[in-house]
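Below is one structure, written out as structure tokens, with a few remarks after it.
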Amino acid sequence: MKQKIQNLILSAATGAYKNGELPSSEFPDVEIEAPKIESHGDFSTNIAMIMASIQKMPPRKIAEAIIKHIVDHDKILAKTEIAGPGFINLFINKTSWHFVLRKIHEEGAEYGASSIGNGKKIQVEFVSSNPTGPLHVGHGRGAAVGDAVANILLFCGYDVKKEYYINDSGRQINTLGLSVFLRYKELLGEKIEFPENCYQGDYIREFAEEVRKSRGNKLIEEDEASAVNYCARYAAGNIIDDIKKDLKSFGVTFDRWYSEQSLYDSGKVDNVLSDLRKRKLVYEKDGALWFKTRDYGDEKDRVVVRNNGLTTYFASDIAYHQDKFDRGFEQIIDVWGADHHGYIPRIAASIEAYGHNKDQFNVILVQLVNLLRGGEPVAMSTRTGEFVTLKDVIKEVGPDAARFIFLTRHYESPLDFDLEVAKKKTNENPVFYVQYVHARISSIVRKGREMGISSVTRDDKAIAMLKEPEEIHLIKTMARYPEVVRYSARLMEPHRITFYLMELASSFHAYYNKHRVLADDPLLTGGRLYLVLAVKKVIKNGLTLLGVSAPEKM
RNA sequence: GCGCCUGUAGCUCAGAUGGAUAGAGCAACGGACUUCUAAUCCGUAGGUCGCAGGUUCGAAUCCUGCCAGGCGUACCA
């Protein structure tokens, strides 16, 4: 529809120029927008105001000339007017909206899909939590955002792959192993002082118990390094398995789980380091090896090899991001916690140093989640091991409520997640509000079937019966859906779809309360069923992008 | 100190590329169930868009300076 209007305006402007009513043929991009206020029409354009300086004419005069030359072959316009400083407002014939319904029914689950991605190979890496403990709510938000972004990009014609990077190397893992080993020794009766920087959670004791069961007291006889290593591998392996399970029950799957250790094993980190040396992008100082990230916009240079000979995480991250490009991805998106934002410039620097464009690298910084219960903060501390896991949250409120709530905010905005609200079945909790639309429509269809309406097919006469303001409003709202999806993809902002769904749900509930779908007139009933089934499709379509289910019954 | 993010109704938040009278939900108040699920709807009330300048036909949106909050500023991960 928007496209049609755009063409209409452009050819009108051209017509006005040919007729000598506009001095210049230089036209800016025609921007058509839907005004917020209904009395300003279905669409409006500011073209006359933008052209004013080019044409050297007052905006309202330009608007006049354009309107005069609009040729409306399909008779979609009911009215045009010039308003304010020079807006052209266009009012669409009510019945001209009806084609949207046919489009939705024809395209079904594909309604709103597009090819703006052009098959571009794009990778979304998210969660990537260290395998040193269970996932908590913050990871859940990252998972919901990353997964939804991937879904939306896929829907818009990108070739998307989802990846989880496992930090299964380095000191953190060693600390994990040490933590388990110490608890294990404790179980065998040794008195030990448990260090503060070790992992405190109860899950560590459970691993120690399992190790004791399978290995008895044999581990204590080995040398400590290999015993710790054994514990580390054992614990990390189990934690990863749990993380996979938790994410699966959250509806999140990955195309690939990429191991950091494998970057070392395959020599990719060494290759990067020798390559950096060869290209003189690194230098030695104070016994350490520094990457000249400053040359690429970072505020200071960064260490890749410490003076004790060990590589930093940055070193493997360079290799990892390099490997992403080597695998053919043209665009890479990392979903990180907001506390990592200081890390962006150095990764961006390394990417640029390797000849890629900084634009090919995006970071979605997800702000933290405050967990509440009935308005009271829930104590969260990873250090002491007192935290509510993602698993607990899913168990308590269900995956749908959790995912939806995670996506009700711009990711850059901190989010309060109240467990009590997430369980509420009122308007305070938008998940049910949206899902309820789907269930309600399903219920209407069931009821209709009882009354003998076995199927709903397209019937133009029935569709022509749809003239109520609430009906036209619903159709207009649905007509906007494809555009919402495209913005959501372009800006990588899934919350736009969440808000759209709440708006569509609101339009539907208002309509439902005012008009009966199963009316006395069979023709009208047919038209209205056709309408609400379109709503049902759009709701399901959007919920699917967010990874939320659309129930037939509630 | 420097850098990033945030500041919009009592509360929680939307407001892409600058547009006309800044919008939802909650809370408050008043209404609507013999009818397709009241997990719903309708109405009332609520605003110096942190502050001050600037840019222009036009600013919540762009620029500058300040104020407040969060985070980051490791040879940590």
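By order of appearance in the structure tokens: chains A, B, ..., then residues from 1 within every chain, and ligands from 1 in the order shown.
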
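Within 6 Å of chain A, and counting only C-alpha atoms (C1' of nucleotides), chain B contributes B:C36, B:A39, B:C41, B:C71, B:G72, B:C75.
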
Extract the full set of strand (DSSP E or B) residues from stretch 278-411 of chain A according to DSSP on the backbone, and format it as a PyMOL selection string. chain A and resi 282-285+288-291+302-305+311+331-337+361-366+369-373+376-377+381+386+389

All residues 12 Å or closer to B:G46, only C-alpha atoms (C1' of nucleotides), same chain fewer than 4 positions away omitted, as an mmCIF file with all heavy atoms, in the first residue's frame:
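What follows is the written file result13.cif:
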```
data_model
loop_
_atom_site.group_PDB
_atom_site.id
_atom_site.type_symbol
_atom_site.label_atom_id
_atom_site.label_comp_id
_atom_site.auth_asym_id
_atom_site.auth_seq_id
_atom_site.Cartn_x
_atom_site.Cartn_y
_atom_site.Cartn_z
ATOM 1 P P A B 9 8.070 10.619 33.185
ATOM 2 O OP1 A B 9 8.477 11.170 34.485
ATOM 3 O OP2 A B 9 8.289 9.196 32.859
ATOM 4 O "O5'" A B 9 6.520 10.951 32.961
ATOM 5 C "C5'" A B 9 6.005 12.215 33.348
ATOM 6 C "C4'" A B 9 4.646 12.027 33.994
ATOM 7 O "O4'" A B 9 3.704 11.641 32.944
ATOM 8 C "C3'" A B 9 4.592 10.931 35.050
ATOM 9 O "O3'" A B 9 3.723 11.329 36.102
ATOM 10 C "C2'" A B 9 3.978 9.748 34.319
ATOM 11 O "O2'" A B 9 3.235 8.886 35.154
ATOM 12 C "C1'" A B 9 3.037 10.461 33.339
ATOM 13 N N9 A B 9 2.723 9.692 32.145
ATOM 14 C C8 A B 9 3.260 8.502 31.716
ATOM 15 N N7 A B 9 2.742 8.049 30.605
ATOM 16 C C5 A B 9 1.803 9.004 30.259
ATOM 17 C C6 A B 9 0.912 9.112 29.183
ATOM 18 N N6 A B 9 0.816 8.218 28.212
ATOM 19 N N1 A B 9 0.095 10.181 29.146
ATOM 20 C C2 A B 9 0.182 11.079 30.130
ATOM 21 N N3 A B 9 0.993 11.095 31.201
ATOM 22 C C4 A B 9 1.778 10.020 31.209
ATOM 23 P P G B 10 4.222 12.175 37.322
ATOM 24 O OP1 G B 10 3.151 13.083 37.767
ATOM 25 O OP2 G B 10 5.567 12.708 36.979
ATOM 26 O "O5'" G B 10 4.409 11.042 38.412
ATOM 27 C "C5'" G B 10 4.938 11.347 39.712
ATOM 28 C "C4'" G B 10 4.790 10.132 40.581
ATOM 29 O "O4'" G B 10 3.375 9.852 40.714
ATOM 30 C "C3'" G B 10 5.390 8.853 39.987
ATOM 31 O "O3'" G B 10 6.726 8.689 40.400
ATOM 32 C "C2'" G B 10 4.493 7.762 40.537
ATOM 33 O "O2'" G B 10 4.847 7.438 41.865
ATOM 34 C "C1'" G B 10 3.129 8.465 40.566
ATOM 35 N N9 G B 10 2.357 8.267 39.324
ATOM 36 C C8 G B 10 1.882 9.262 38.510
ATOM 37 N N7 G B 10 1.226 8.812 37.477
ATOM 38 C C5 G B 10 1.257 7.436 37.622
ATOM 39 C C6 G B 10 0.708 6.414 36.808
ATOM 40 O O6 G B 10 0.066 6.540 35.769
ATOM 41 N N1 G B 10 0.984 5.154 37.306
ATOM 42 C C2 G B 10 1.692 4.902 38.455
ATOM 43 N N2 G B 10 1.843 3.625 38.764
ATOM 44 N N3 G B 10 2.217 5.846 39.226
ATOM 45 C C4 G B 10 1.956 7.077 38.758
ATOM 46 P P A B 27 -3.591 -2.454 38.227
ATOM 47 O OP1 A B 27 -3.952 -3.596 39.092
ATOM 48 O OP2 A B 27 -4.522 -1.962 37.204
ATOM 49 O "O5'" A B 27 -3.171 -1.218 39.150
ATOM 50 C "C5'" A B 27 -2.327 -1.427 40.283
ATOM 51 C "C4'" A B 27 -1.954 -0.097 40.875
ATOM 52 O "O4'" A B 27 -1.137 0.647 39.927
ATOM 53 C "C3'" A B 27 -3.118 0.838 41.162
ATOM 54 O "O3'" A B 27 -3.776 0.530 42.379
ATOM 55 C "C2'" A B 27 -2.420 2.181 41.189
ATOM 56 O "O2'" A B 27 -1.685 2.359 42.379
ATOM 57 C "C1'" A B 27 -1.457 2.026 40.013
ATOM 58 N N9 A B 27 -2.099 2.450 38.760
ATOM 59 C C8 A B 27 -2.688 1.663 37.802
ATOM 60 N N7 A B 27 -3.205 2.342 36.803
ATOM 61 C C5 A B 27 -2.954 3.661 37.134
ATOM 62 C C6 A B 27 -3.242 4.879 36.490
ATOM 63 N N6 A B 27 -3.898 4.948 35.327
ATOM 64 N N1 A B 27 -2.858 6.020 37.090
ATOM 65 C C2 A B 27 -2.208 5.942 38.258
ATOM 66 N N3 A B 27 -1.860 4.867 38.965
ATOM 67 C C4 A B 27 -2.270 3.747 38.343
ATOM 68 P P A B 28 -5.366 0.599 42.399
ATOM 69 O OP1 A B 28 -5.771 0.194 43.756
ATOM 70 O OP2 A B 28 -5.913 -0.100 41.211
ATOM 71 O "O5'" A B 28 -5.630 2.160 42.189
ATOM 72 C "C5'" A B 28 -5.179 3.102 43.151
ATOM 73 C "C4'" A B 28 -5.779 4.448 42.870
ATOM 74 O "O4'" A B 28 -5.165 5.004 41.667
ATOM 75 C "C3'" A B 28 -7.276 4.445 42.544
ATOM 76 O "O3'" A B 28 -8.057 4.404 43.720
ATOM 77 C "C2'" A B 28 -7.429 5.752 41.777
ATOM 78 O "O2'" A B 28 -7.468 6.867 42.650
ATOM 79 C "C1'" A B 28 -6.122 5.791 40.982
ATOM 80 N N9 A B 28 -6.275 5.245 39.625
ATOM 81 C C8 A B 28 -5.911 4.006 39.175
ATOM 82 N N7 A B 28 -6.171 3.806 37.895
ATOM 83 C C5 A B 28 -6.752 4.998 37.487
ATOM 84 C C6 A B 28 -7.259 5.430 36.241
ATOM 85 N N6 A B 28 -7.256 4.672 35.138
ATOM 86 N N1 A B 28 -7.781 6.677 36.164
ATOM 87 C C2 A B 28 -7.784 7.433 37.272
ATOM 88 N N3 A B 28 -7.330 7.138 38.492
ATOM 89 C C4 A B 28 -6.829 5.901 38.531
ATOM 90 P P C B 29 -9.447 3.590 43.683
ATOM 91 O OP1 C B 29 -9.938 3.568 45.079
ATOM 92 O OP2 C B 29 -9.267 2.330 42.930
ATOM 93 O "O5'" C B 29 -10.380 4.550 42.826
ATOM 94 C "C5'" C B 29 -10.685 5.867 43.293
ATOM 95 C "C4'" C B 29 -11.393 6.633 42.214
ATOM 96 O "O4'" C B 29 -10.492 6.842 41.088
ATOM 97 C "C3'" C B 29 -12.576 5.911 41.566
ATOM 98 O "O3'" C B 29 -13.738 5.945 42.374
ATOM 99 C "C2'" C B 29 -12.721 6.688 40.261
ATOM 100 O "O2'" C B 29 -13.307 7.948 40.453
ATOM 101 C "C1'" C B 29 -11.247 6.869 39.883
ATOM 102 N N1 C B 29 -10.790 5.794 38.978
ATOM 103 C C2 C B 29 -11.036 5.933 37.605
ATOM 104 O O2 C B 29 -11.623 6.942 37.194
ATOM 105 N N3 C B 29 -10.651 4.957 36.753
ATOM 106 C C4 C B 29 -10.035 3.866 37.232
ATOM 107 N N4 C B 29 -9.669 2.924 36.360
ATOM 108 C C5 C B 29 -9.771 3.701 38.626
ATOM 109 C C6 C B 29 -10.165 4.679 39.463
#
```

When DSSP works through the backbone of this structure, what residues of stretch 247-469 of chain A end up as alpha helix (DSSP H), shown as an NGL selection string? :A and (247-249 or 260-265 or 268-278 or 313-326 or 344-353 or 390-397 or 399-406 or 419-423 or 430-450 or 460-463 or 469)

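The protein and nucleic acid residues lying at most 12 Å from A:Tyr264 are A:Asn167, A:Asp168, A:Ser169, A:Gly170, A:Ser259, A:Val269, A:Asp270, A:Asn271, A:Val272, A:Leu273, A:Leu310, A:Thr311, A:Tyr313, A:Ala315, A:Ser316, A:Asp317, A:Ala319, A:Tyr320, with only C-alpha atoms (C1' of nucleotides) considered and sequence neighbours fewer than 5 positions away removed.
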
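Look at A:Leu504: the protein and nucleic acid residues within 9 Å of it, using only C-alpha atoms (C1' of nucleotides) and passing over chain neighbours fewer than 3 places away, are Val434, Leu474, Thr477, Met478, Phe499, Tyr500, Leu501, Ser507, Phe508, His509, Val535, Val538 and Ile539 of chain A.
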
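Proximity to A:Tyr203 at 9 Å, evaluated using only C-alpha atoms (C1' of nucleotides) and with sequence-adjacent residues fewer than 4 positions away removed, yields Gly133, Pro134, Phe207, Ala208 and Gly385 of chain A.
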
Kindly export the residues of the current selection with N, CA, C and O atoms, as a short mmCIF file (atom, residue, chain, number, x, y, z; two decimals), in the first residue's frame.
```cif
data_model
loop_
_atom_site.label_atom_id
_atom_site.label_comp_id
_atom_site.auth_asym_id
_atom_site.auth_seq_id
_atom_site.Cartn_x
_atom_site.Cartn_y
_atom_site.Cartn_z
N GLY A 133 29.64 -22.69 35.61
CA GLY A 133 28.48 -22.67 36.48
C GLY A 133 27.22 -22.63 35.63
O GLY A 133 27.30 -22.43 34.41
N PRO A 134 26.07 -22.83 36.26
CA PRO A 134 24.83 -22.87 35.51
C PRO A 134 24.43 -21.50 34.95
O PRO A 134 24.93 -20.48 35.42
N PHE A 207 29.55 -32.13 42.12
CA PHE A 207 30.54 -32.72 41.20
C PHE A 207 31.58 -33.51 42.00
O PHE A 207 31.99 -34.60 41.61
N ALA A 208 32.01 -32.95 43.11
CA ALA A 208 33.02 -33.61 43.94
C ALA A 208 32.51 -34.98 44.41
O ALA A 208 33.23 -35.98 44.38
N GLY A 385 27.59 -18.00 45.11
CA GLY A 385 26.82 -19.12 44.59
C GLY A 385 25.34 -19.02 44.86
O GLY A 385 24.58 -19.92 44.58
#
```

Write out as number ranges by chain each polymer residue whose atoms come within 8 Å of A:Ala349, counting only C-alpha atoms (C1' of nucleotides); drop sequence neighbours fewer than 2 positions from it. A: 293-298, 345-347, 351-353, 358
